[in-house]
>>> print(open('protein.cif').read())   # mmCIF, C-alpha atoms, pLDDT in the B column; chains and numbers go by the auth columns
data_structure
#
loop_
_atom_site.group_PDB
_atom_site.id
_atom_site.type_symbol
_atom_site.label_atom_id
_atom_site.label_comp_id
_atom_site.label_asym_id
_atom_site.label_seq_id
_atom_site.Cartn_x
_atom_site.Cartn_y
_atom_site.Cartn_z
_atom_site.B_iso_or_equiv
_atom_site.auth_seq_id
_atom_site.auth_asym_id
ATOM 1 C CA MET A 1 -17.152 47.622 -2.394 46.00 1 A
ATOM 2 C CA LYS A 2 -15.951 47.017 -5.932 44.00 2 A
ATOM 3 C CA LYS A 3 -12.705 45.512 -4.626 46.00 3 A
ATOM 4 C CA ALA A 4 -14.608 43.139 -2.318 47.00 4 A
ATOM 5 C CA PHE A 5 -16.829 42.048 -5.233 44.00 5 A
ATOM 6 C CA ILE A 6 -13.762 41.267 -7.355 44.00 6 A
ATOM 7 C CA ILE A 7 -12.209 39.178 -4.573 45.00 7 A
ATOM 8 C CA LEU A 8 -15.452 37.259 -4.076 44.00 8 A
ATOM 9 C CA PHE A 9 -15.748 36.677 -7.847 42.00 9 A
ATOM 10 C CA LEU A 10 -12.192 35.333 -8.033 43.00 10 A
ATOM 11 C CA ALA A 11 -12.792 33.037 -5.057 44.00 11 A
ATOM 12 C CA LEU A 12 -15.919 31.624 -6.653 42.00 12 A
ATOM 13 C CA SER A 13 -14.104 31.188 -9.966 39.00 13 A
ATOM 14 C CA ILE A 14 -11.303 29.244 -8.302 38.00 14 A
ATOM 15 C CA THR A 15 -13.844 26.983 -6.607 36.00 15 A
ATOM 16 C CA VAL A 16 -15.515 26.159 -9.897 39.00 16 A
ATOM 17 C CA ILE A 17 -12.226 25.523 -11.674 35.00 17 A
ATOM 18 C CA SER A 18 -10.800 23.389 -8.864 47.00 18 A
ATOM 19 C CA PHE A 19 -13.771 21.323 -7.821 48.00 19 A
ATOM 20 C CA GLY A 20 -15.973 21.289 -10.887 73.00 20 A
ATOM 21 C CA ALA A 21 -13.769 18.589 -12.376 84.00 21 A
ATOM 22 C CA SER A 22 -12.598 15.052 -11.731 93.00 22 A
ATOM 23 C CA LEU A 23 -9.600 13.187 -10.386 98.00 23 A
ATOM 24 C CA LYS A 24 -8.463 9.929 -11.924 98.00 24 A
ATOM 25 C CA ILE A 25 -6.896 7.704 -9.269 98.00 25 A
ATOM 26 C CA GLY A 26 -5.184 4.367 -9.837 98.00 26 A
ATOM 27 C CA ALA A 27 -5.651 1.786 -7.077 98.00 27 A
ATOM 28 C CA THR A 28 -5.321 -1.900 -6.371 96.00 28 A
ATOM 29 C CA PRO A 29 -8.687 -3.571 -5.654 95.00 29 A
ATOM 30 C CA ARG A 30 -8.599 -4.210 -1.933 92.00 30 A
ATOM 31 C CA PRO A 31 -8.586 -2.218 0.249 95.00 31 A
ATOM 32 C CA HIS A 32 -7.495 0.813 -1.771 97.00 32 A
ATOM 33 C CA ALA A 33 -10.287 0.943 -4.349 98.00 33 A
ATOM 34 C CA GLU A 34 -12.799 0.060 -1.622 97.00 34 A
ATOM 35 C CA ILE A 35 -11.647 3.007 0.488 98.00 35 A
ATOM 36 C CA LEU A 36 -11.927 5.334 -2.483 98.00 36 A
ATOM 37 C CA GLU A 37 -15.491 4.151 -3.066 98.00 37 A
ATOM 38 C CA VAL A 38 -16.290 5.231 0.520 98.00 38 A
ATOM 39 C CA ILE A 39 -15.213 8.809 -0.136 98.00 39 A
ATOM 40 C CA LYS A 40 -16.703 9.090 -3.641 98.00 40 A
ATOM 41 C CA PRO A 41 -20.072 10.461 -2.443 98.00 41 A
ATOM 42 C CA LEU A 42 -18.318 12.776 0.022 97.00 42 A
ATOM 43 C CA ALA A 43 -16.197 14.179 -2.795 98.00 43 A
ATOM 44 C CA LYS A 44 -19.247 14.500 -5.038 97.00 44 A
ATOM 45 C CA GLU A 45 -20.942 16.665 -2.415 96.00 45 A
ATOM 46 C CA LYS A 46 -18.005 19.057 -2.664 96.00 46 A
ATOM 47 C CA GLY A 47 -18.094 19.124 -6.459 96.00 47 A
ATOM 48 C CA LEU A 48 -15.269 16.667 -7.105 97.00 48 A
ATOM 49 C CA ASP A 49 -15.798 13.516 -9.183 98.00 49 A
ATOM 50 C CA LEU A 50 -13.449 10.615 -8.440 98.00 50 A
ATOM 51 C CA GLU A 51 -12.709 8.080 -11.167 98.00 51 A
ATOM 52 C CA VAL A 52 -11.040 4.940 -9.819 98.00 52 A
ATOM 53 C CA VAL A 53 -8.874 2.940 -12.227 98.00 53 A
ATOM 54 C CA VAL A 54 -8.122 -0.530 -10.871 98.00 54 A
ATOM 55 C CA PHE A 55 -4.655 -2.061 -11.282 97.00 55 A
ATOM 56 C CA THR A 56 -3.522 -5.514 -10.203 93.00 56 A
ATOM 57 C CA ASP A 57 0.236 -4.956 -10.165 92.00 57 A
ATOM 58 C CA TYR A 58 2.783 -2.718 -8.431 92.00 58 A
ATOM 59 C CA VAL A 59 4.513 -1.240 -11.514 95.00 59 A
ATOM 60 C CA LEU A 60 1.972 0.282 -13.889 97.00 60 A
ATOM 61 C CA PRO A 61 0.273 2.686 -11.418 98.00 61 A
ATOM 62 C CA ASN A 62 3.450 4.729 -10.883 98.00 62 A
ATOM 63 C CA LEU A 63 4.307 4.776 -14.586 98.00 63 A
ATOM 64 C CA ALA A 64 0.767 5.882 -15.455 98.00 64 A
ATOM 65 C CA LEU A 65 0.956 8.627 -12.819 98.00 65 A
ATOM 66 C CA ALA A 66 4.298 9.905 -14.096 98.00 66 A
ATOM 67 C CA ASP A 67 2.985 9.871 -17.688 98.00 67 A
ATOM 68 C CA GLY A 68 -0.040 11.974 -16.742 98.00 68 A
ATOM 69 C CA GLU A 69 -2.597 9.219 -17.306 98.00 69 A
ATOM 70 C CA LEU A 70 -3.538 9.427 -13.612 98.00 70 A
ATOM 71 C CA ASP A 71 -3.811 12.327 -11.190 98.00 71 A
ATOM 72 C CA ALA A 72 -2.847 10.164 -8.202 98.00 72 A
ATOM 73 C CA ASN A 73 -2.417 6.559 -7.195 98.00 73 A
ATOM 74 C CA PHE A 74 -3.140 4.632 -4.022 98.00 74 A
ATOM 75 C CA PHE A 75 -1.547 1.209 -3.637 97.00 75 A
ATOM 76 C CA GLN A 76 1.934 1.417 -2.128 96.00 76 A
ATOM 77 C CA HIS A 77 3.947 2.389 0.926 93.00 77 A
ATOM 78 C CA ALA A 78 6.536 5.166 1.009 94.00 78 A
ATOM 79 C CA PRO A 79 9.666 2.936 0.949 92.00 79 A
ATOM 80 C CA TYR A 80 8.397 1.275 -2.241 93.00 80 A
ATOM 81 C CA LEU A 81 7.667 4.653 -3.841 96.00 81 A
ATOM 82 C CA ASP A 82 11.106 5.979 -2.858 95.00 82 A
ATOM 83 C CA THR A 83 12.875 3.012 -4.442 92.00 83 A
ATOM 84 C CA PHE A 84 10.687 2.994 -7.557 96.00 84 A
ATOM 85 C CA LYS A 85 10.993 6.692 -8.340 96.00 85 A
ATOM 86 C CA SER A 86 14.753 6.610 -7.704 96.00 86 A
ATOM 87 C CA ASP A 87 15.252 3.623 -10.018 95.00 87 A
ATOM 88 C CA ARG A 88 13.066 5.129 -12.772 97.00 88 A
ATOM 89 C CA GLY A 89 13.911 8.796 -12.326 98.00 89 A
ATOM 90 C CA LEU A 90 10.309 9.825 -11.615 98.00 90 A
ATOM 91 C CA ASP A 91 9.283 13.064 -9.921 98.00 91 A
ATOM 92 C CA LEU A 92 6.584 11.709 -7.597 98.00 92 A
ATOM 93 C CA ALA A 93 5.763 12.565 -3.990 98.00 93 A
ATOM 94 C CA VAL A 94 3.661 11.437 -1.036 98.00 94 A
ATOM 95 C CA LEU A 95 0.380 13.294 -0.635 98.00 95 A
ATOM 96 C CA VAL A 96 -0.865 11.555 2.527 98.00 96 A
ATOM 97 C CA ALA A 97 -0.467 8.351 4.554 96.00 97 A
ATOM 98 C CA VAL A 98 -3.809 6.575 4.912 97.00 98 A
ATOM 99 C CA HIS A 99 -3.505 3.122 6.448 96.00 99 A
ATOM 100 C CA ILE A 100 -1.188 0.303 7.458 93.00 100 A
ATOM 101 C CA GLU A 101 -1.542 -3.193 6.031 89.00 101 A
ATOM 102 C CA PRO A 102 0.493 -5.426 8.338 90.00 102 A
ATOM 103 C CA MET A 103 2.393 -7.987 6.239 95.00 103 A
ATOM 104 C CA GLY A 104 1.958 -11.575 7.375 97.00 104 A
ATOM 105 C CA ALA A 105 3.220 -15.115 6.759 98.00 105 A
ATOM 106 C CA TYR A 106 0.657 -17.714 5.655 98.00 106 A
ATOM 107 C CA SER A 107 0.582 -21.415 4.932 98.00 107 A
ATOM 108 C CA LYS A 108 -1.766 -24.116 3.679 97.00 108 A
ATOM 109 C CA LYS A 109 0.441 -26.841 5.138 97.00 109 A
ATOM 110 C CA ILE A 110 1.269 -25.817 8.691 98.00 110 A
ATOM 111 C CA SER A 111 -0.631 -24.112 11.487 97.00 111 A
ATOM 112 C CA SER A 112 2.306 -22.646 13.438 97.00 112 A
ATOM 113 C CA LEU A 113 5.871 -21.565 12.758 97.00 113 A
ATOM 114 C CA SER A 114 7.184 -24.356 14.969 96.00 114 A
ATOM 115 C CA GLU A 115 5.964 -26.848 12.351 97.00 115 A
ATOM 116 C CA LEU A 116 8.111 -25.338 9.615 97.00 116 A
ATOM 117 C CA LYS A 117 10.572 -28.043 8.559 97.00 117 A
ATOM 118 C CA LYS A 118 14.217 -27.680 7.604 98.00 118 A
ATOM 119 C CA GLY A 119 14.625 -26.875 3.941 98.00 119 A
ATOM 120 C CA ALA A 120 11.055 -25.518 3.701 98.00 120 A
ATOM 121 C CA LEU A 121 10.209 -23.442 0.628 98.00 121 A
ATOM 122 C CA VAL A 122 9.129 -19.890 1.494 98.00 122 A
ATOM 123 C CA GLY A 123 7.665 -17.423 -0.984 98.00 123 A
ATOM 124 C CA ILE A 124 8.397 -13.700 -0.725 98.00 124 A
ATOM 125 C CA PRO A 125 7.609 -10.725 -3.008 97.00 125 A
ATOM 126 C CA ASN A 126 10.132 -10.176 -5.779 96.00 126 A
ATOM 127 C CA ASP A 127 10.312 -6.372 -5.521 92.00 127 A
ATOM 128 C CA PRO A 128 13.137 -4.983 -3.346 89.00 128 A
ATOM 129 C CA THR A 129 11.102 -3.141 -0.709 90.00 129 A
ATOM 130 C CA ASN A 130 8.436 -5.781 -0.089 93.00 130 A
ATOM 131 C CA GLY A 131 10.945 -8.602 -0.393 96.00 131 A
ATOM 132 C CA GLY A 132 13.131 -6.897 2.180 95.00 132 A
ATOM 133 C CA ARG A 133 10.141 -6.252 4.383 95.00 133 A
ATOM 134 C CA ALA A 134 9.243 -9.950 4.232 97.00 134 A
ATOM 135 C CA LEU A 135 12.747 -10.978 5.281 97.00 135 A
ATOM 136 C CA LEU A 136 12.672 -8.531 8.184 95.00 136 A
ATOM 137 C CA LEU A 137 9.389 -10.070 9.339 96.00 137 A
ATOM 138 C CA LEU A 138 10.953 -13.538 9.217 97.00 138 A
ATOM 139 C CA GLN A 139 13.886 -12.167 11.198 97.00 139 A
ATOM 140 C CA THR A 140 11.480 -10.780 13.816 94.00 140 A
ATOM 141 C CA ALA A 141 9.948 -14.259 14.004 96.00 141 A
ATOM 142 C CA GLY A 142 13.397 -15.726 14.736 97.00 142 A
ATOM 143 C CA LEU A 143 13.614 -17.787 11.536 98.00 143 A
ATOM 144 C CA ILE A 144 16.536 -15.978 9.924 98.00 144 A
ATOM 145 C CA GLU A 145 18.981 -13.168 10.561 98.00 145 A
ATOM 146 C CA VAL A 146 19.970 -10.584 7.961 98.00 146 A
ATOM 147 C CA ASP A 147 22.992 -8.334 7.679 98.00 147 A
ATOM 148 C CA LYS A 148 22.338 -5.146 9.646 95.00 148 A
ATOM 149 C CA ASP A 149 24.032 -3.087 6.945 96.00 149 A
ATOM 150 C CA ALA A 150 21.279 -4.042 4.484 94.00 150 A
ATOM 151 C CA GLY A 151 18.857 -1.599 6.128 90.00 151 A
ATOM 152 C CA ILE A 152 15.173 -1.979 5.242 87.00 152 A
ATOM 153 C CA THR A 153 15.786 -3.624 1.860 89.00 153 A
ATOM 154 C CA PRO A 154 17.749 -6.809 2.563 96.00 154 A
ATOM 155 C CA THR A 155 17.797 -9.521 -0.103 97.00 155 A
ATOM 156 C CA VAL A 156 18.194 -13.271 0.258 98.00 156 A
ATOM 157 C CA PHE A 157 21.933 -12.680 -0.266 98.00 157 A
ATOM 158 C CA ASP A 158 21.989 -10.648 2.971 98.00 158 A
ATOM 159 C CA ILE A 159 20.830 -13.582 5.110 98.00 159 A
ATOM 160 C CA VAL A 160 23.648 -14.349 7.554 98.00 160 A
ATOM 161 C CA LYS A 161 21.872 -16.960 9.685 98.00 161 A
ATOM 162 C CA ASN A 162 19.359 -19.511 8.436 98.00 162 A
ATOM 163 C CA PRO A 163 19.208 -22.355 10.974 98.00 163 A
ATOM 164 C CA LYS A 164 16.346 -24.137 9.198 98.00 164 A
ATOM 165 C CA ASN A 165 18.083 -23.791 5.821 98.00 165 A
ATOM 166 C CA LEU A 166 14.921 -22.234 4.396 98.00 166 A
ATOM 167 C CA LYS A 167 14.713 -21.962 0.602 98.00 167 A
ATOM 168 C CA PHE A 168 13.238 -18.809 -0.900 98.00 168 A
ATOM 169 C CA ARG A 169 11.167 -18.347 -4.027 98.00 169 A
ATOM 170 C CA GLU A 170 10.718 -14.742 -5.145 98.00 170 A
ATOM 171 C CA LEU A 171 7.407 -14.144 -6.938 98.00 171 A
ATOM 172 C CA GLU A 172 5.250 -11.215 -7.958 96.00 172 A
ATOM 173 C CA ALA A 173 3.371 -10.088 -4.851 95.00 173 A
ATOM 174 C CA ALA A 174 -0.021 -10.691 -6.472 94.00 174 A
ATOM 175 C CA MET A 175 0.902 -14.312 -7.258 97.00 175 A
ATOM 176 C CA LEU A 176 1.751 -15.345 -3.702 98.00 176 A
ATOM 177 C CA PRO A 177 -1.751 -16.257 -2.427 97.00 177 A
ATOM 178 C CA ARG A 178 -2.336 -18.502 -5.456 97.00 178 A
ATOM 179 C CA SER A 179 1.096 -20.065 -5.020 97.00 179 A
ATOM 180 C CA LEU A 180 0.522 -21.151 -1.412 97.00 180 A
ATOM 181 C CA VAL A 181 -0.358 -24.688 -2.549 97.00 181 A
ATOM 182 C CA ASP A 182 3.153 -25.049 -3.977 97.00 182 A
ATOM 183 C CA LEU A 183 4.942 -23.450 -1.035 98.00 183 A
ATOM 184 C CA ASP A 184 5.402 -24.371 2.591 98.00 184 A
ATOM 185 C CA MET A 185 4.810 -20.744 3.571 98.00 185 A
ATOM 186 C CA ALA A 186 4.598 -17.318 1.940 98.00 186 A
ATOM 187 C CA VAL A 187 4.918 -13.775 3.225 98.00 187 A
ATOM 188 C CA ILE A 188 2.074 -11.803 1.672 97.00 188 A
ATOM 189 C CA ASN A 189 0.985 -8.172 1.572 93.00 189 A
ATOM 190 C CA THR A 190 -2.372 -7.743 3.293 91.00 190 A
ATOM 191 C CA ASN A 191 -4.193 -6.424 0.221 90.00 191 A
ATOM 192 C CA TYR A 192 -3.327 -9.568 -1.728 93.00 192 A
ATOM 193 C CA ALA A 193 -4.008 -11.776 1.292 95.00 193 A
ATOM 194 C CA LEU A 194 -7.525 -10.333 1.519 92.00 194 A
ATOM 195 C CA GLU A 195 -8.090 -10.825 -2.214 92.00 195 A
ATOM 196 C CA GLY A 196 -6.960 -14.435 -1.755 94.00 196 A
ATOM 197 C CA GLY A 197 -9.596 -15.073 0.900 94.00 197 A
ATOM 198 C CA LEU A 198 -7.153 -14.980 3.822 95.00 198 A
ATOM 199 C CA VAL A 199 -7.971 -13.230 7.097 92.00 199 A
ATOM 200 C CA PRO A 200 -4.767 -11.639 8.427 92.00 200 A
ATOM 201 C CA THR A 201 -5.866 -11.436 12.063 89.00 201 A
ATOM 202 C CA THR A 202 -6.679 -15.164 12.218 93.00 202 A
ATOM 203 C CA ASP A 203 -4.797 -16.861 9.371 96.00 203 A
ATOM 204 C CA ALA A 204 -1.350 -15.270 9.627 97.00 204 A
ATOM 205 C CA LEU A 205 1.280 -17.371 11.394 98.00 205 A
ATOM 206 C CA VAL A 206 3.130 -14.142 12.213 96.00 206 A
ATOM 207 C CA ILE A 207 2.187 -10.565 11.361 94.00 207 A
ATOM 208 C CA GLU A 208 3.694 -7.101 11.680 91.00 208 A
ATOM 209 C CA GLY A 209 2.620 -4.944 14.578 79.00 209 A
ATOM 210 C CA GLU A 210 0.793 -1.624 14.274 67.00 210 A
ATOM 211 C CA GLU A 211 4.137 0.155 14.636 70.00 211 A
ATOM 212 C CA SER A 212 5.037 -0.865 11.075 79.00 212 A
ATOM 213 C CA PRO A 213 6.682 2.013 9.147 81.00 213 A
ATOM 214 C CA TYR A 214 5.059 0.850 5.908 89.00 214 A
ATOM 215 C CA ALA A 215 1.966 3.047 5.851 93.00 215 A
ATOM 216 C CA ASN A 216 0.127 2.974 2.524 96.00 216 A
ATOM 217 C CA ILE A 217 0.159 6.361 0.846 98.00 217 A
ATOM 218 C CA VAL A 218 -1.388 8.345 -1.959 98.00 218 A
ATOM 219 C CA ALA A 219 1.225 9.385 -4.510 98.00 219 A
ATOM 220 C CA VAL A 220 1.004 12.361 -6.859 98.00 220 A
ATOM 221 C CA ARG A 221 3.307 14.247 -9.192 98.00 221 A
ATOM 222 C CA THR A 222 5.464 16.585 -7.113 98.00 222 A
ATOM 223 C CA ALA A 223 4.365 19.614 -9.124 98.00 223 A
ATOM 224 C CA ASP A 224 0.725 18.899 -8.217 98.00 224 A
ATOM 225 C CA LEU A 225 1.118 18.686 -4.437 98.00 225 A
ATOM 226 C CA GLU A 226 -0.628 21.983 -3.721 96.00 226 A
ATOM 227 C CA LYS A 227 -3.596 21.495 -6.059 97.00 227 A
ATOM 228 C CA PRO A 228 -6.852 22.265 -4.171 96.00 228 A
ATOM 229 C CA GLU A 229 -8.563 19.112 -5.416 97.00 229 A
ATOM 230 C CA LEU A 230 -5.709 16.972 -4.103 98.00 230 A
ATOM 231 C CA ASN A 231 -5.896 18.754 -0.754 97.00 231 A
ATOM 232 C CA LEU A 232 -9.580 17.835 -0.663 98.00 232 A
ATOM 233 C CA LEU A 233 -8.699 14.215 -1.468 98.00 233 A
ATOM 234 C CA LYS A 234 -6.233 14.275 1.423 98.00 234 A
ATOM 235 C CA GLU A 235 -8.876 15.599 3.811 98.00 235 A
ATOM 236 C CA LEU A 236 -11.424 12.984 2.779 98.00 236 A
ATOM 237 C CA LEU A 237 -8.994 10.069 3.059 98.00 237 A
ATOM 238 C CA THR A 238 -8.141 11.068 6.626 98.00 238 A
ATOM 239 C CA SER A 239 -11.742 11.647 7.674 98.00 239 A
ATOM 240 C CA SER A 240 -13.681 9.948 10.445 97.00 240 A
ATOM 241 C CA GLU A 241 -15.754 8.165 7.786 97.00 241 A
ATOM 242 C CA VAL A 242 -12.667 6.381 6.473 98.00 242 A
ATOM 243 C CA LYS A 243 -11.424 5.487 9.940 96.00 243 A
ATOM 244 C CA GLU A 244 -14.804 4.022 10.853 97.00 244 A
ATOM 245 C CA PHE A 245 -14.893 2.063 7.576 97.00 245 A
ATOM 246 C CA LEU A 246 -11.457 0.557 8.233 96.00 246 A
ATOM 247 C CA GLU A 247 -12.449 -0.470 11.738 94.00 247 A
ATOM 248 C CA SER A 248 -15.785 -2.007 10.760 96.00 248 A
ATOM 249 C CA GLU A 249 -14.776 -3.611 7.462 94.00 249 A
ATOM 250 C CA TYR A 250 -11.325 -5.014 8.251 92.00 250 A
ATOM 251 C CA LYS A 251 -11.515 -5.512 12.017 88.00 251 A
ATOM 252 C CA GLY A 252 -7.823 -4.982 12.752 86.00 252 A
ATOM 253 C CA SER A 253 -6.426 -6.457 9.525 88.00 253 A
ATOM 254 C CA ILE A 254 -5.946 -2.893 8.291 92.00 254 A
ATOM 255 C CA VAL A 255 -5.484 0.075 10.615 89.00 255 A
ATOM 256 C CA ALA A 256 -5.638 3.813 10.065 93.00 256 A
ATOM 257 C CA ALA A 257 -2.327 5.677 9.864 93.00 257 A
ATOM 258 C CA PHE A 258 -3.867 9.005 10.911 92.00 258 A
#
>>> encode(input="protein.cif", output="structure tokens")
Amino acid sequence: MKKAFIILFLALSITVISFGASLKIGATPRPHAEILEVIKPLAKEKGLDLEVVVFTDYVLPNLALADGELDANFFQHAPYLDTFKSDRGLDLAVLVAVHIEPMGAYSKKISSLSELKKGALVGIPNDPTNGGRALLLLQTAGLIEVDKDAGITPTVFDIVKNPKNLKFRELEAAMLPRSLVDLDMAVINTNYALEGGLVPTTDALVIEGEESPYANIVAVRTADLEKPELNLLKELLTSSEVKEFLESEYKGSIVAAF
């Protein structure tokens, strides 16, 4: 009886320690912070307070996580995380894959790819993984061909065929929607497209399919992977409530990865 009481006491103590606290999560505004707002009340019911810190770039959230300023971040896909942590020597890991944001090509000047003129200026993200992803999308659309040996991170120097002699301008991903007026076309991440007032399912001239390998993930420090509060975060982000929110709010522009 005494032994059972001790076990019950320890279990209750662990619950209080684990879930009577808060998690600080870095996220870009849309859709990541919006998704976190959906699960905030669900987490609160289980004794976990979520604090969402909004970032508008793709560099600071990983640095803040590695430095211990955040408990997790939610803004990137796994290939980007792999490249970033390798380049910076960071010990970060994937907690869970949540959704896919199909990357698309947009324009203020043309309404179909067939209208793209020779020598057109095309904007792409300036980070290796998203820049490479953009070039692979343009290859899928038949506009260019890249060296097969470049894998999933080709650069403009890996373009081996460019029949329209397209010119490329590499810009910060967040700047691309605002730069559309100066470009003939730009390949834009869905979160920034949405922030820029674009509707991927109707405005994109070409867009990735649902089979895209670039699922957006929650990243944490590797040493924290088994923390109970992070396991709860994982459960909530792959819940039916989140799936229903994605379907109703984004109507196919963003799809669940679970």
>>> closest_residue(input="protein.cif", among="A:Ala93, A:Ile207, A:Val160, A:Leu42", to="Ala223 in chain A", atoms="only C-alpha atoms")
A:Ala93
>>> closest_residue(input="protein.cif", among="A:Ile254, A:Ala78, A:Val156, A:Val220", to="Leu65 in chain A", atoms="all atoms listed in the file")
A:Val220
>>> closest_residue(input="protein.cif", among="A:Ala141, A:Ala204, A:Leu50, A:Leu194", to="Asn73 in chain A", atoms="all atoms listed in the file")
A:Leu50
>>> atom_distance(input="protein.cif", atom1="CA of Lys234 in chain A", atom2="CA of Val218 in chain A")
8.4 Å
>>> resolve_selection(input="protein.cif", expression="the PyMOL selection byres ((chain A and resi 25) around 6)", output="PyMOL selection string")
chain A and resi 24+26+52-53+70-73
>>> residues_around(input="protein.cif", residues="range 163-173 of chain A", least_positions_apart="3", cutoff="8 Å", atoms="only C-alpha atoms", output="mmCIF file with C-alpha atoms, in the frame of the given file")
data_model
loop_
_atom_site.group_PDB
_atom_site.id
_atom_site.type_symbol
_atom_site.label_atom_id
_atom_site.label_comp_id
_atom_site.auth_asym_id
_atom_site.auth_seq_id
_atom_site.Cartn_x
_atom_site.Cartn_y
_atom_site.Cartn_z
ATOM 1 C CA LYS A 117 10.572 -28.043 8.559
ATOM 2 C CA LYS A 118 14.217 -27.680 7.604
ATOM 3 C CA GLY A 119 14.625 -26.875 3.941
ATOM 4 C CA ALA A 120 11.055 -25.518 3.701
ATOM 5 C CA LEU A 121 10.209 -23.442 0.628
ATOM 6 C CA VAL A 122 9.129 -19.890 1.494
ATOM 7 C CA GLY A 123 7.665 -17.423 -0.984
ATOM 8 C CA ILE A 124 8.397 -13.700 -0.725
ATOM 9 C CA PRO A 125 7.609 -10.725 -3.008
ATOM 10 C CA ASN A 126 10.132 -10.176 -5.779
ATOM 11 C CA ASP A 127 10.312 -6.372 -5.521
ATOM 12 C CA GLY A 131 10.945 -8.602 -0.393
ATOM 13 C CA LEU A 143 13.614 -17.787 11.536
ATOM 14 C CA ILE A 144 16.536 -15.978 9.924
ATOM 15 C CA VAL A 156 18.194 -13.271 0.258
ATOM 16 C CA LEU A 176 1.751 -15.345 -3.702
ATOM 17 C CA ILE A 188 2.074 -11.803 1.672
ATOM 18 C CA ASN A 189 0.985 -8.172 1.572
ATOM 19 C CA TYR A 192 -3.327 -9.568 -1.728
#
>>> closest_residue(input="protein.cif", among="A:Ala186, A:Asp224, A:Leu233, A:Ile35", to="Ala105 in chain A", atoms="all atoms listed in the file")
A:Ala186
>>> residues_around(input="protein.cif", residues="Pro29 in chain A", least_positions_apart="2", cutoff="8 Å", atoms="only C-alpha atoms", output="PyMOL selection string")
chain A and resi 27+31-34+54-56+191
>>> closest_residue(input="protein.cif", among="A:Ile110, A:Ile217, A:Val206, A:Leu90", to="Ala134 in chain A", atoms="all atoms listed in the file")
A:Val206
>>> atom_distance(input="protein.cif", atom1="CA of Thr153 in chain A", atom2="CA of Asp87 in chain A")
13.9 Å
>>> atom_distance(input="protein.cif", atom1="CA of Ser111 in chain A", atom2="CA of Glu247 in chain A")
26.4 Å
>>> build_atoms(input="protein.cif", residues="range 103-114 of chain A", atoms="N, CA and C atoms", output="PDB file, keeping the file's coordinate frame")
ATOM      1  N   MET A 103       2.007  -6.823   7.040  1.00 95.00           N
ATOM      2  CA  MET A 103       2.393  -7.987   6.239  1.00 95.00           C
ATOM      3  C   MET A 103       2.434  -9.223   7.129  1.00 95.00           C
ATOM      4  N   GLY A 104       1.995 -10.353   6.585  1.00 97.00           N
ATOM      5  CA  GLY A 104       1.958 -11.575   7.375  1.00 97.00           C
ATOM      6  C   GLY A 104       2.476 -12.778   6.611  1.00 97.00           C
ATOM      7  N   ALA A 105       2.784 -13.841   7.345  1.00 98.00           N
ATOM      8  CA  ALA A 105       3.220 -15.115   6.759  1.00 98.00           C
ATOM      9  C   ALA A 105       2.064 -16.104   6.844  1.00 98.00           C
ATOM     10  N   TYR A 106       1.804 -16.809   5.747  1.00 98.00           N
ATOM     11  CA  TYR A 106       0.657 -17.714   5.655  1.00 98.00           C
ATOM     12  C   TYR A 106       1.095 -19.075   5.119  1.00 98.00           C
ATOM     13  N   SER A 107       0.279 -20.073   5.417  1.00 98.00           N
ATOM     14  CA  SER A 107       0.582 -21.415   4.932  1.00 98.00           C
ATOM     15  C   SER A 107      -0.693 -22.233   4.794  1.00 98.00           C
ATOM     16  N   LYS A 108      -0.695 -23.138   3.830  1.00 97.00           N
ATOM     17  CA  LYS A 108      -1.766 -24.116   3.679  1.00 97.00           C
ATOM     18  C   LYS A 108      -1.361 -25.466   4.256  1.00 97.00           C
ATOM     19  N   LYS A 109      -0.107 -25.554   4.722  1.00 97.00           N
ATOM     20  CA  LYS A 109       0.441 -26.841   5.138  1.00 97.00           C
ATOM     21  C   LYS A 109       0.754 -26.940   6.620  1.00 97.00           C
ATOM     22  N   ILE A 110       0.953 -25.804   7.265  1.00 98.00           N
ATOM     23  CA  ILE A 110       1.269 -25.817   8.691  1.00 98.00           C
ATOM     24  C   ILE A 110       0.375 -24.819   9.419  1.00 98.00           C
ATOM     25  N   SER A 111       0.221 -25.003  10.706  1.00 97.00           N
ATOM     26  CA  SER A 111      -0.631 -24.112  11.487  1.00 97.00           C
ATOM     27  C   SER A 111       0.154 -23.264  12.490  1.00 97.00           C
ATOM     28  N   SER A 112       1.473 -23.480  12.576  1.00 97.00           N
ATOM     29  CA  SER A 112       2.306 -22.646  13.438  1.00 97.00           C
ATOM     30  C   SER A 112       3.737 -22.671  12.903  1.00 97.00           C
ATOM     31  N   LEU A 113       4.496 -21.655  13.241  1.00 97.00           N
ATOM     32  CA  LEU A 113       5.871 -21.565  12.758  1.00 97.00           C
ATOM     33  C   LEU A 113       6.733 -22.717  13.261  1.00 97.00           C
ATOM     34  N   SER A 114       6.393 -23.251  14.406  1.00 96.00           N
ATOM     35  CA  SER A 114       7.184 -24.356  14.969  1.00 96.00           C
ATOM     36  C   SER A 114       7.128 -25.608  14.095  1.00 96.00           C
TER      37      SER A 114
END
